[in-house]
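Listing of query35.tsv, TSV, C-alpha atoms
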```tsv
chain	number	residue	atom	x	y	z
A	775	MET	CA	-24.33	-55.32	-4.00
A	776	ARG	CA	-22.91	-53.72	-7.15
A	777	LYS	CA	-25.24	-50.70	-6.80
A	778	GLY	CA	-24.22	-50.29	-3.17
A	779	LEU	CA	-20.53	-50.37	-4.10
A	780	LEU	CA	-21.01	-47.81	-6.88
A	781	LYS	CA	-22.92	-45.56	-4.50
A	782	LYS	CA	-20.07	-45.72	-1.95
A	783	ILE	CA	-17.51	-44.95	-4.66
A	784	LEU	CA	-19.57	-41.99	-5.85
A	785	ILE	CA	-19.92	-40.64	-2.31
A	786	ALA	CA	-16.17	-41.01	-1.79
A	787	GLU	CA	-15.41	-39.18	-5.05
A	788	VAL	CA	-17.76	-36.33	-4.11
A	789	ALA	CA	-16.18	-36.07	-0.66
A	790	ILE	CA	-12.66	-35.98	-2.12
A	791	ALA	CA	-13.68	-33.37	-4.71
A	792	SER	CA	-15.36	-31.25	-2.03
A	793	LEU	CA	-12.30	-31.47	0.22
A	794	ALA	CA	-10.04	-30.48	-2.68
A	795	MET	CA	-12.30	-27.51	-3.44
A	796	VAL	CA	-12.10	-26.36	0.19
A	797	PHE	CA	-8.31	-26.49	0.02
A	798	ILE	CA	-8.30	-24.51	-3.24
A	799	LEU	CA	-10.70	-21.85	-1.94
A	800	VAL	CA	-8.75	-21.42	1.30
A	801	ALA	CA	-5.48	-21.12	-0.64
A	802	LEU	CA	-6.93	-18.53	-3.03
A	803	TRP	CA	-8.58	-16.62	-0.16
A	804	ASN	CA	-5.22	-16.19	1.57
A	805	LYS	CA	-3.03	-15.90	-1.54
A	806	PRO	CA	-1.42	-12.46	-2.12
A	807	LEU	CA	-2.71	-10.78	-5.27
A	808	GLY	CA	0.83	-9.69	-6.20
A	809	PRO	CA	4.48	-10.42	-5.35
A	810	ALA	CA	4.85	-10.71	-1.57
A	811	LEU	CA	7.27	-8.76	0.59
A	812	ALA	CA	10.05	-10.46	2.52
A	813	TYR	CA	8.82	-12.38	5.56
A	814	SER	CA	8.17	-10.20	8.61
A	815	PRO	CA	7.60	-11.47	12.17
A	816	THR	CA	4.36	-9.46	12.23
A	817	GLN	CA	2.98	-11.28	9.23
A	818	VAL	CA	0.98	-14.49	9.45
A	819	LEU	CA	2.59	-17.68	8.19
A	820	THR	CA	1.38	-18.61	4.73
A	821	ASN	CA	-0.23	-21.95	4.00
A	822	ALA	CA	2.96	-23.09	2.28
A	823	GLN	CA	5.24	-22.17	5.22
A	824	THR	CA	4.38	-23.99	8.41
A	825	THR	CA	5.82	-23.54	11.86
A	826	GLU	CA	7.84	-26.75	11.43
A	827	GLU	CA	9.37	-25.40	8.19
A	828	MET	CA	10.28	-22.11	9.91
A	829	THR	CA	11.92	-24.07	12.74
A	830	ALA	CA	13.90	-26.20	10.30
A	831	ALA	CA	15.00	-23.13	8.39
A	832	SER	CA	16.31	-21.54	11.59
A	833	GLY	CA	18.46	-24.57	12.32
A	834	ASP	CA	16.64	-25.56	15.54
A	835	GLN	CA	15.87	-29.25	15.41
A	836	ALA	CA	12.79	-29.18	17.60
A	837	PRO	CA	11.03	-32.57	17.82
A	838	VAL	CA	7.76	-32.83	15.99
A	839	PRO	CA	5.05	-34.09	18.37
A	840	GLU	CA	3.19	-37.24	17.44
A	841	ALA	CA	-0.46	-36.96	16.51
A	842	THR	CA	-2.86	-37.64	19.34
A	843	PRO	CA	-6.64	-38.16	19.35
A	844	THR	CA	-7.07	-34.75	21.02
A	845	GLN	CA	-5.47	-32.82	18.17
A	846	ALA	CA	-7.66	-30.72	15.85
A	847	SER	CA	-9.64	-32.57	13.24
A	848	LEU	CA	-8.73	-32.28	9.56
A	849	LEU	CA	-11.73	-30.00	8.99
A	850	GLY	CA	-10.66	-27.80	11.90
A	851	LYS	CA	-7.16	-27.49	10.48
A	852	ILE	CA	-8.58	-26.51	7.08
A	853	ILE	CA	-10.79	-23.84	8.63
A	854	SER	CA	-7.89	-22.46	10.67
A	855	LEU	CA	-5.58	-22.03	7.66
A	856	GLY	CA	-4.42	-18.45	7.31
A	857	LYS	CA	-5.83	-17.31	10.65
A	858	PRO	CA	-3.55	-15.08	12.73
A	859	PRO	CA	-2.17	-16.35	16.04
A	860	ALA	CA	-4.41	-15.91	19.05
A	861	SER	CA	-4.06	-12.52	20.71
A	862	THR	CA	-5.20	-11.25	24.06
A	863	THR	CA	-6.22	-7.96	22.42
A	864	LYS	CA	-9.74	-7.94	21.03
A	865	THR	CA	-9.87	-6.79	17.41
A	866	LEU	CA	-12.59	-6.15	14.87
A	867	CYS	CA	-13.19	-8.16	11.69
A	868	GLY	CA	-10.65	-10.85	12.59
A	869	GLY	CA	-7.80	-8.48	11.80
A	870	PRO	CA	-4.41	-8.13	13.49
A	871	VAL	CA	-4.03	-5.53	16.21
A	872	VAL	CA	-2.22	-3.23	13.76
A	873	MET	CA	-1.59	-3.47	10.02
A	874	THR	CA	0.86	-1.13	8.29
A	875	ILE	CA	0.49	-0.56	4.57
A	876	LEU	CA	2.90	1.17	2.19
A	877	LEU	CA	0.75	3.20	-0.21
A	878	VAL	CA	2.35	4.27	-3.51
A	879	GLY	CA	1.01	6.53	-6.23
A	880	SER	CA	2.93	5.55	-9.36
A	881	ASP	CA	3.41	7.95	-12.26
A	882	GLU	CA	3.30	4.99	-14.67
A	883	ARG	CA	0.65	5.54	-17.33
A	884	SER	CA	0.78	2.16	-19.09
A	885	GLU	CA	-0.48	-1.15	-17.74
A	886	GLY	CA	1.58	-3.72	-15.88
A	887	TYR	CA	3.63	-1.67	-13.39
A	888	LEU	CA	6.83	-2.39	-15.31
A	889	TYR	CA	8.22	1.10	-14.74
A	890	GLY	CA	7.24	4.31	-12.98
A	891	LEU	CA	8.49	6.53	-10.18
A	892	ALA	CA	6.71	6.78	-6.84
A	893	ASP	CA	4.93	10.09	-7.35
A	894	SER	CA	3.50	9.90	-3.84
A	895	ILE	CA	4.48	7.73	-0.87
A	896	ARG	CA	2.39	7.23	2.25
A	897	LEU	CA	2.42	4.99	5.28
A	898	VAL	CA	-0.98	3.81	6.50
A	899	ARG	CA	-1.51	2.54	10.04
A	900	VAL	CA	-4.70	0.52	10.46
A	901	ASP	CA	-5.64	-0.24	14.07
A	902	PHE	CA	-8.23	-3.03	14.31
A	903	ALA	CA	-8.51	-2.70	18.09
A	904	THR	CA	-9.26	1.01	18.60
A	905	PRO	CA	-10.35	1.13	15.67
A	906	SER	CA	-8.54	3.90	13.79
A	907	LEU	CA	-6.78	4.70	10.54
A	908	LYS	CA	-3.90	7.14	10.07
A	909	THR	CA	-1.92	8.04	6.96
A	910	LEU	CA	1.50	9.70	6.93
A	911	ASP	CA	2.94	11.50	3.91
A	912	ILE	CA	6.59	10.62	3.19
A	913	PRO	CA	8.47	13.18	1.05
A	914	ARG	CA	9.55	11.55	-2.19
A	915	ASP	CA	12.65	13.78	-2.58
A	916	LEU	CA	14.48	12.42	0.47
A	917	TRP	CA	18.05	11.43	-0.43
A	918	VAL	CA	18.50	7.84	0.77
A	919	GLU	CA	20.69	4.78	0.52
A	920	ILE	CA	19.05	2.26	-1.83
A	921	PRO	CA	20.07	-1.33	-0.99
A	922	GLY	CA	20.55	-4.28	-3.30
A	923	ILE	CA	21.26	-2.64	-6.68
A	924	SER	CA	24.87	-1.42	-6.46
A	925	ASP	CA	25.87	-3.93	-9.16
A	926	HIS	CA	23.89	-1.84	-11.66
A	927	TYR	CA	25.62	1.37	-12.68
A	928	GLY	CA	27.14	1.57	-9.20
A	929	ILE	CA	23.91	2.97	-7.78
A	930	THR	CA	23.96	3.15	-3.99
A	931	HIS	CA	21.94	6.34	-3.35
A	932	GLY	CA	19.06	8.20	-4.91
A	933	LYS	CA	15.77	9.87	-4.20
A	934	LEU	CA	13.26	7.82	-2.24
A	935	ASN	CA	10.88	7.71	-5.20
A	936	GLN	CA	13.65	6.13	-7.33
A	937	ALA	CA	13.75	3.08	-5.04
A	938	TYR	CA	10.32	2.10	-6.35
A	939	PHE	CA	11.44	2.85	-9.94
A	940	PHE	CA	14.62	0.75	-9.74
A	941	GLY	CA	12.73	-2.17	-8.18
A	942	ASN	CA	10.13	-2.45	-10.92
A	943	PRO	CA	10.59	-5.48	-13.21
A	944	GLY	CA	10.98	-3.42	-16.39
A	945	MET	CA	14.31	-2.08	-15.09
A	946	GLY	CA	15.82	-5.48	-14.33
A	947	TYR	CA	17.90	-4.06	-11.45
A	948	TYR	CA	16.33	-5.80	-8.47
A	949	ASP	CA	15.69	-9.48	-7.91
A	950	GLY	CA	14.48	-9.32	-4.32
A	951	PRO	CA	10.90	-9.88	-3.09
A	952	GLY	CA	8.05	-7.49	-3.83
A	953	GLN	CA	9.38	-5.83	-7.01
A	954	GLY	CA	9.18	-1.99	-6.88
A	955	PRO	CA	7.20	-1.82	-3.61
A	956	GLY	CA	9.58	-4.40	-2.13
A	957	LEU	CA	12.70	-2.32	-2.84
A	958	LEU	CA	10.93	0.82	-1.59
A	959	ALA	CA	10.00	-1.02	1.62
A	960	ASP	CA	13.60	-2.25	2.02
A	961	THR	CA	14.85	1.31	1.52
A	962	LEU	CA	12.52	2.68	4.21
A	963	LYS	CA	13.61	-0.10	6.56
A	964	GLN	CA	17.32	0.50	6.01
A	965	ASN	CA	17.22	4.30	6.25
A	966	PHE	CA	14.50	4.93	8.81
A	967	GLY	CA	13.78	1.61	10.53
A	968	VAL	CA	10.25	1.41	9.11
A	969	SER	CA	8.71	-2.05	8.65
A	970	VAL	CA	5.51	-2.58	6.67
A	971	ASP	CA	3.15	-5.54	6.49
A	972	HIS	CA	1.70	-4.90	3.04
A	973	TYR	CA	1.85	-2.57	0.07
A	974	LEU	CA	-0.61	-1.13	-2.41
A	975	ALA	CA	0.46	0.79	-5.52
A	976	MET	CA	-1.85	2.53	-7.97
A	977	ASP	CA	-0.98	4.10	-11.31
A	978	MET	CA	-2.44	7.33	-12.65
A	979	THR	CA	-4.83	5.66	-15.08
A	980	THR	CA	-6.39	3.52	-12.36
A	981	PHE	CA	-6.67	6.51	-10.02
A	982	VAL	CA	-8.61	8.47	-12.64
A	983	ARG	CA	-10.87	5.51	-13.42
A	984	ILE	CA	-11.73	4.96	-9.75
A	985	ILE	CA	-12.65	8.63	-9.23
A	986	ASP	CA	-14.83	8.60	-12.33
A	987	THR	CA	-16.47	5.31	-11.28
A	988	ILE	CA	-17.61	6.86	-7.99
A	989	ASN	CA	-18.94	9.86	-9.98
A	990	GLY	CA	-16.20	12.27	-8.88
A	991	ILE	CA	-15.35	13.83	-5.53
A	992	ASP	CA	-16.18	17.08	-3.73
A	993	VAL	CA	-13.18	18.97	-2.35
A	994	TYR	CA	-13.02	22.07	-0.18
A	995	LEU	CA	-10.36	24.66	-1.14
A	996	ASP	CA	-9.31	27.47	1.19
A	997	GLY	CA	-8.21	29.77	-1.61
A	998	LEU	CA	-7.84	30.23	-5.35
A	999	THR	CA	-6.01	27.15	-6.74
A	1000	ASP	CA	-4.21	27.35	-10.08
A	1001	LEU	CA	-3.69	23.92	-11.62
A	1002	ASN	CA	-1.87	25.20	-14.71
A	1003	GLN	CA	1.17	23.13	-13.73
A	1004	ASN	CA	4.10	24.88	-15.38
A	1005	HIS	CA	2.33	28.16	-16.12
A	1006	ASP	CA	3.14	27.77	-19.83
A	1007	GLY	CA	-0.42	28.80	-20.52
A	1008	GLU	CA	-3.39	29.91	-18.47
A	1009	ASN	CA	-6.42	27.70	-18.97
A	1010	PRO	CA	-9.31	29.14	-16.92
A	1011	LEU	CA	-10.77	25.64	-16.56
A	1012	TYR	CA	-7.76	24.73	-14.41
A	1013	VAL	CA	-8.20	27.63	-12.00
A	1014	LEU	CA	-10.40	26.52	-9.10
A	1015	GLN	CA	-12.31	28.98	-6.96
A	1016	PRO	CA	-12.35	28.86	-3.15
A	1017	GLY	CA	-15.02	26.69	-1.58
A	1018	VAL	CA	-16.48	23.34	-2.56
A	1019	GLN	CA	-15.53	22.09	-6.03
A	1020	HIS	CA	-16.68	18.90	-7.76
A	1021	LEU	CA	-13.81	17.17	-9.56
A	1022	ASP	CA	-13.74	14.32	-12.06
A	1023	GLY	CA	-10.82	11.90	-12.23
A	1024	GLN	CA	-8.55	14.03	-14.41
A	1025	MET	CA	-9.07	17.18	-12.33
A	1026	ALA	CA	-8.55	15.24	-9.09
A	1027	LEU	CA	-5.27	13.94	-10.52
A	1028	ARG	CA	-4.20	17.47	-11.47
A	1029	LEU	CA	-4.91	18.69	-7.94
A	1030	ALA	CA	-3.06	15.76	-6.37
A	1031	MET	CA	0.01	16.44	-8.54
A	1032	ASN	CA	0.03	20.22	-8.11
A	1033	ARG	CA	3.12	21.41	-6.19
A	1034	TYR	CA	2.73	25.19	-6.29
A	1035	PRO	CA	3.63	27.43	-4.53
A	1036	THR	CA	6.04	24.99	-2.73
A	1037	ILE	CA	6.92	21.31	-3.04
A	1038	PHE	CA	5.10	20.66	0.24
A	1039	GLN	CA	1.85	21.82	-1.34
A	1040	ARG	CA	1.65	18.52	-3.23
A	1041	ALA	CA	1.21	16.60	0.02
A	1042	ARG	CA	-1.44	19.06	1.25
A	1043	ASN	CA	-3.36	18.75	-2.01
A	1044	GLN	CA	-3.16	14.97	-1.79
A	1045	ASP	CA	-4.55	15.16	1.75
A	1046	ILE	CA	-7.52	17.13	0.38
A	1047	VAL	CA	-8.13	14.51	-2.33
A	1048	ILE	CA	-7.74	11.59	0.10
A	1049	LYS	CA	-10.24	13.16	2.51
A	1050	ALA	CA	-12.73	13.64	-0.33
A	1051	ILE	CA	-12.34	10.02	-1.49
A	1052	GLU	CA	-12.69	8.83	2.10
A	1053	THR	CA	-15.92	10.85	2.54
A	1054	LYS	CA	-17.35	9.43	-0.68
A	1055	LEU	CA	-16.41	5.80	0.02
A	1056	LEU	CA	-17.50	5.84	3.67
A	1057	SER	CA	-20.93	7.24	2.85
A	1058	PRO	CA	-23.80	4.71	3.07
A	1059	GLU	CA	-23.87	4.47	-0.73
A	1060	GLY	CA	-20.09	4.14	-0.95
A	1061	LEU	CA	-19.90	1.37	1.64
A	1062	LEU	CA	-22.38	-0.68	-0.35
A	1063	ARG	CA	-20.24	-0.26	-3.46
A	1064	LEU	CA	-16.87	-1.08	-1.85
A	1065	PRO	CA	-16.88	-4.84	-2.64
A	1066	ASP	CA	-17.82	-4.13	-6.27
A	1067	LEU	CA	-15.08	-1.49	-6.57
A	1068	VAL	CA	-12.50	-3.90	-5.18
A	1069	ALA	CA	-13.58	-6.61	-7.61
A	1070	MET	CA	-13.57	-4.14	-10.49
A	1071	PHE	CA	-10.09	-2.74	-9.90
A	1072	SER	CA	-8.19	-5.53	-8.09
A	1073	SER	CA	-6.44	-6.53	-11.32
A	1074	SER	CA	-5.41	-2.91	-11.99
A	1075	ILE	CA	-3.74	-2.36	-8.61
A	1076	GLN	CA	-0.36	-3.65	-7.49
A	1077	THR	CA	-0.67	-5.20	-4.02
A	1078	ASP	CA	0.47	-8.17	-1.96
A	1079	MET	CA	-2.73	-8.21	0.08
A	1080	SER	CA	-4.93	-11.26	-0.21
A	1081	PRO	CA	-8.73	-11.24	-0.67
A	1082	ASN	CA	-8.87	-12.13	3.02
A	1083	ASP	CA	-6.82	-9.05	3.98
A	1084	ILE	CA	-8.94	-6.80	1.78
A	1085	SER	CA	-12.18	-8.19	3.21
A	1086	LYS	CA	-10.97	-7.32	6.72
A	1087	LEU	CA	-10.28	-3.74	5.66
A	1088	ILE	CA	-13.71	-3.44	4.04
A	1089	CYS	CA	-15.30	-4.86	7.18
A	1090	LEU	CA	-13.40	-2.39	9.37
A	1091	SER	CA	-14.43	0.57	7.23
A	1092	LYS	CA	-18.05	-0.07	8.18
A	1093	SER	CA	-17.25	0.31	11.89
A	1094	LEU	CA	-14.69	3.11	11.66
A	1095	PRO	CA	-15.79	6.44	13.19
A	1096	LYS	CA	-14.87	9.39	10.96
A	1097	GLU	CA	-13.20	11.14	13.89
A	1098	ASN	CA	-10.78	8.19	14.11
A	1099	ILE	CA	-9.46	8.79	10.59
A	1100	SER	CA	-6.57	11.23	10.33
A	1101	VAL	CA	-3.87	12.42	7.94
A	1102	ALA	CA	-0.42	13.36	9.24
A	1103	ALA	CA	2.66	15.01	7.75
A	1104	PHE	CA	6.12	15.84	9.00
A	1105	PRO	CA	6.70	19.53	9.78
A	1106	ASP	CA	8.09	21.41	6.78
A	1107	GLU	CA	10.89	22.86	8.90
A	1108	MET	CA	12.38	19.37	9.39
A	1109	PHE	CA	13.63	19.44	5.81
A	1110	THR	CA	16.21	21.50	3.98
A	1111	GLY	CA	16.39	21.86	0.21
A	1112	ALA	CA	19.74	20.93	-1.35
A	1113	HIS	CA	21.26	19.34	-4.45
A	1114	ALA	CA	23.00	16.01	-4.99
A	1115	TYR	CA	24.56	14.26	-7.97
A	1116	ASP	CA	22.25	11.58	-9.38
A	1117	PRO	CA	24.48	8.83	-10.82
A	1118	TYR	CA	21.62	7.27	-12.78
A	1119	ARG	CA	20.52	10.43	-14.57
A	1120	GLN	CA	24.03	11.95	-14.37
A	1121	VAL	CA	22.71	15.34	-13.29
A	1122	ASN	CA	22.58	17.42	-10.13
A	1123	THR	CA	19.09	17.03	-8.77
A	1124	TYR	CA	17.00	18.75	-6.10
A	1125	ILE	CA	16.73	16.76	-2.86
A	1126	LEU	CA	15.51	17.14	0.71
A	1127	GLU	CA	17.97	16.71	3.55
A	1128	VAL	CA	16.84	15.74	7.05
A	1129	ASP	CA	18.20	14.54	10.38
A	1130	ASN	CA	17.70	10.79	9.89
A	1131	ASN	CA	17.72	10.09	13.62
A	1132	GLN	CA	14.91	12.56	14.19
A	1133	LEU	CA	12.95	11.09	11.28
A	1134	ARG	CA	13.47	7.58	12.67
A	1135	THR	CA	12.00	8.73	15.99
A	1136	GLU	CA	8.93	10.23	14.28
A	1137	PHE	CA	8.42	7.11	12.16
A	1138	SER	CA	8.65	4.91	15.24
A	1139	GLY	CA	6.05	7.02	17.03
A	1140	PHE	CA	3.70	6.82	14.08
A	1141	VAL	CA	3.94	3.02	13.78
A	1142	GLU	CA	3.48	2.64	17.55
A	1143	GLY	CA	0.49	4.99	17.52
A	1144	THR	CA	2.03	7.58	19.84
A	1145	TRP	CA	2.68	10.28	17.20
A	1146	PRO	CA	1.16	12.59	16.14
```

Write-out of the structure in structure tokens:
Amino acid sequence: MRKGLLKKILIAEVAIASLAMVFILVALWNKPLGPALAYSPTQVLTNAQTTEEMTAASGDQAPVPEATPTQASLLGKIISLGKPPASTTKTLCGGPVVMTILLVGSDERSEGYLYGLADSIRLVRVDFATPSLKTLDIPRDLWVEIPGISDHYGITHGKLNQAYFFGNPGMGYYDGPGQGPGLLADTLKQNFGVSVDHYLAMDMTTFVRIIDTINGIDVYLDGLTDLNQNHDGENPLYVLQPGVQHLDGQMALRLAMNRYPTIFQRARNQDIVIKAIETKLLSPEGLLRLPDLVAMFSSSIQTDMSPNDISKLICLSKSLPKENISVAAFPDEMFTGAHAYDPYRQVNTYILEVDNNQLRTEFSGFVEGTWP
């Protein structure tokens, strides 16, 4: 009798421990890797925020139905945690119909993402139904209203790339969700009506390390490209000939940052680099290495995506036709160069002016998949 009782106790303890482990794994699988953005209707409820809690928060006192024998089993509820609501549109890899990601290239060179301007800003539209992937370059010099930090130095406006800078924790200006990417996302929402589901920011050091880890990239250049940034000196190693050139991480970074002969050249160079990275990662060898690369650099990248979100993107990349991947940019003629007084730096600074209503329309078309 005593042995039988001990056996039952042991079985019960193992069952409880196994159940607890399932809960932990599910929570970690769906937990954002970094500070989350503010709640968006397009985002899935987190494990900690149930439908009942959302109803209570909204002030609607909807009755909670009593449990019935036909309701899902405990195991079924555990398995369903973090899954998106059912949709009539068929999607690949268990993803949403569309996921929008704010992609930021930070000029921060130290670890931790405490500071840094947004050196490059892009909006990525991932369509899990088509499937397709589009990226849109957003000029960093747009003069915008920056919400939520007017108590600090009276700052209400600045360049778009400063929104990321002011939101980073090292500045201590912003206490809203998502840190630097969060304030940048709020700024895009307020000025241009753009909503994003997730963000991913990468500093220069991590960018260089990733390029070197995949053994460099091959880029195609239409003409002679001088990467001697300020032309203080002419280093022949930084002058690239037309045609295919193999670049390591440092040279790829130089090309991505090069803004000559015009400021719009930076975006074109970044398009070239992005295409080269895409070609390398979507090759048969690259696809096999994607999970290892994510594991290797996940702690070096600032993102609110969960391992579950990332796994869906990796899965989609294996089924994504190359012709369904595109890079877009606003026409240069939409923008006009001007100067504005920067209250933070206390200098007149170069900015880009634009018809905000026109830009809102273009952004809306991009997010909806109708433009370009």

Leaving out Ile1037 of chain A and any residue of its chain fewer than 2 positions from it, which residues lie within 12 Å of it when counting all atoms listed in the file, given as an mmCIF file with C-alpha atoms, in the coordinates of the input?
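For reference, selection.cif as written:
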```cif
data_model
loop_
_atom_site.group_PDB
_atom_site.id
_atom_site.type_symbol
_atom_site.label_atom_id
_atom_site.label_comp_id
_atom_site.auth_asym_id
_atom_site.auth_seq_id
_atom_site.Cartn_x
_atom_site.Cartn_y
_atom_site.Cartn_z
ATOM 1 C CA SER A 894 3.500 9.900 -3.840
ATOM 2 C CA PRO A 913 8.470 13.180 1.050
ATOM 3 C CA ARG A 914 9.550 11.550 -2.190
ATOM 4 C CA ASP A 915 12.650 13.780 -2.580
ATOM 5 C CA ALA A 1030 -3.060 15.760 -6.370
ATOM 6 C CA MET A 1031 0.010 16.440 -8.540
ATOM 7 C CA ASN A 1032 0.030 20.220 -8.110
ATOM 8 C CA ARG A 1033 3.120 21.410 -6.190
ATOM 9 C CA TYR A 1034 2.730 25.190 -6.290
ATOM 10 C CA PRO A 1035 3.630 27.430 -4.530
ATOM 11 C CA GLN A 1039 1.850 21.820 -1.340
ATOM 12 C CA ARG A 1040 1.650 18.520 -3.230
ATOM 13 C CA ALA A 1041 1.210 16.600 0.020
ATOM 14 C CA ARG A 1042 -1.440 19.060 1.250
ATOM 15 C CA ASN A 1043 -3.360 18.750 -2.010
ATOM 16 C CA GLN A 1044 -3.160 14.970 -1.790
ATOM 17 C CA ASP A 1106 8.090 21.410 6.780
ATOM 18 C CA PHE A 1109 13.630 19.440 5.810
ATOM 19 C CA THR A 1110 16.210 21.500 3.980
ATOM 20 C CA GLY A 1111 16.390 21.860 0.210
ATOM 21 C CA TYR A 1124 17.000 18.750 -6.100
ATOM 22 C CA ILE A 1125 16.730 16.760 -2.860
ATOM 23 C CA LEU A 1126 15.510 17.140 0.710
#
```

Between A:Asn804, A:Ser1085, A:Ser1138, A:Ser880, which is the closest to Asp977 of chain A once you count all atoms listed in the file?
A:Ser880

Atom CA of Pro1146 of chain A and atom CA of Glu1097 of chain A, how far apart in Å?
14.6 Å

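For Phe1140 of chain A, the residues within 10 Å (counting all atoms listed in the file, excluding itself and residues fewer than 3 positions away along the chain) are Leu897, Val898, Arg899, Lys908, Thr909, Leu910, Val968, Ala1102, Arg1134, Thr1135, Glu1136, Phe1137, Gly1143, Thr1144, Trp1145 and Pro1146 of chain A.
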
Pairwise distance for atom CA of Pro921 of chain A and atom CA of Tyr938 of chain A, rounded to one decimal in Å
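We find that atom CA of Pro921 of chain A and atom CA of Tyr938 of chain A lie 11.6 Å from each other.
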
Closest pair table for segment 898-962 of chain A residues within 10 Å of segment 890-893 of chain A, only C-alpha atoms, as JSON lines:
```
{"residue": "A:Pro913", "atom": "CA", "partner": "A:Asp893", "partner_atom": "CA", "distance": 9.6}
{"residue": "A:Arg914", "atom": "CA", "partner": "A:Asp893", "partner_atom": "CA", "distance": 7.1}
{"residue": "A:Asp915", "atom": "CA", "partner": "A:Asp893", "partner_atom": "CA", "distance": 9.8}
{"residue": "A:Lys933", "atom": "CA", "partner": "A:Ala892", "partner_atom": "CA", "distance": 9.9}
{"residue": "A:Leu934", "atom": "CA", "partner": "A:Ala892", "partner_atom": "CA", "distance": 8.1}
{"residue": "A:Asn935", "atom": "CA", "partner": "A:Ala892", "partner_atom": "CA", "distance": 4.6}
{"residue": "A:Gln936", "atom": "CA", "partner": "A:Leu891", "partner_atom": "CA", "distance": 5.9}
{"residue": "A:Ala937", "atom": "CA", "partner": "A:Leu891", "partner_atom": "CA", "distance": 8.1}
{"residue": "A:Tyr938", "atom": "CA", "partner": "A:Ala892", "partner_atom": "CA", "distance": 5.9}
{"residue": "A:Phe939", "atom": "CA", "partner": "A:Leu891", "partner_atom": "CA", "distance": 4.7}
{"residue": "A:Phe940", "atom": "CA", "partner": "A:Leu891", "partner_atom": "CA", "distance": 8.4}
{"residue": "A:Gly941", "atom": "CA", "partner": "A:Gly890", "partner_atom": "CA", "distance": 9.8}
{"residue": "A:Asn942", "atom": "CA", "partner": "A:Gly890", "partner_atom": "CA", "distance": 7.6}
{"residue": "A:Gly944", "atom": "CA", "partner": "A:Gly890", "partner_atom": "CA", "distance": 9.2}
{"residue": "A:Met945", "atom": "CA", "partner": "A:Gly890", "partner_atom": "CA", "distance": 9.8}
{"residue": "A:Gly954", "atom": "CA", "partner": "A:Gly890", "partner_atom": "CA", "distance": 9.0}
{"residue": "A:Pro955", "atom": "CA", "partner": "A:Ala892", "partner_atom": "CA", "distance": 9.2}
{"residue": "A:Leu958", "atom": "CA", "partner": "A:Ala892", "partner_atom": "CA", "distance": 9.0}
```

Which one of A:Val918, A:Ile912, A:Ile1084, A:Ala812 sits closest to Ser1072 of chain A if you count only C-alpha atoms?
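Nearest candidate to Ser1072 of chain A out of A:Val918, A:Ile912, A:Ile1084, A:Ala812: A:Ile1084.
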
Name all residues at most 12 Å from Leu1062 of chain A (count all atoms listed in the file; drop same-chain ones fewer than 6 positions away) and give them as number ranges by chain.
A: 988, 1054-1056, 1068, 1088-1089, 1091-1092

Using all atoms listed in the file and a cutoff of 7 Å, can you tell me which residues are near (-9.4, 10.5, -13.5) in the file's coordinates, and write them out as a CSV table (one decimal) with C-alpha atoms, in the coordinates of the input?
```csv
chain,number,residue,atom,x,y,z
A,979,THR,CA,-4.8,5.7,-15.1
A,981,PHE,CA,-6.7,6.5,-10.0
A,982,VAL,CA,-8.6,8.5,-12.6
A,983,ARG,CA,-10.9,5.5,-13.4
A,985,ILE,CA,-12.6,8.6,-9.2
A,986,ASP,CA,-14.8,8.6,-12.3
A,1022,ASP,CA,-13.7,14.3,-12.1
A,1023,GLY,CA,-10.8,11.9,-12.2
A,1024,GLN,CA,-8.6,14.0,-14.4
A,1025,MET,CA,-9.1,17.2,-12.3
A,1026,ALA,CA,-8.6,15.2,-9.1
A,1027,LEU,CA,-5.3,13.9,-10.5
```

In Å to one decimal, how far is atom CA of Gly1060 of chain A from atom CA of Ala903 of chain A?
23.3 Å

Closest to Gln964 of chain A among A:Gly990, A:Gly879, A:Gly946, A:Gly922, using all atoms listed in the file?
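Using all atoms listed in the file, Gln964 of chain A sits closest to A:Gly922.
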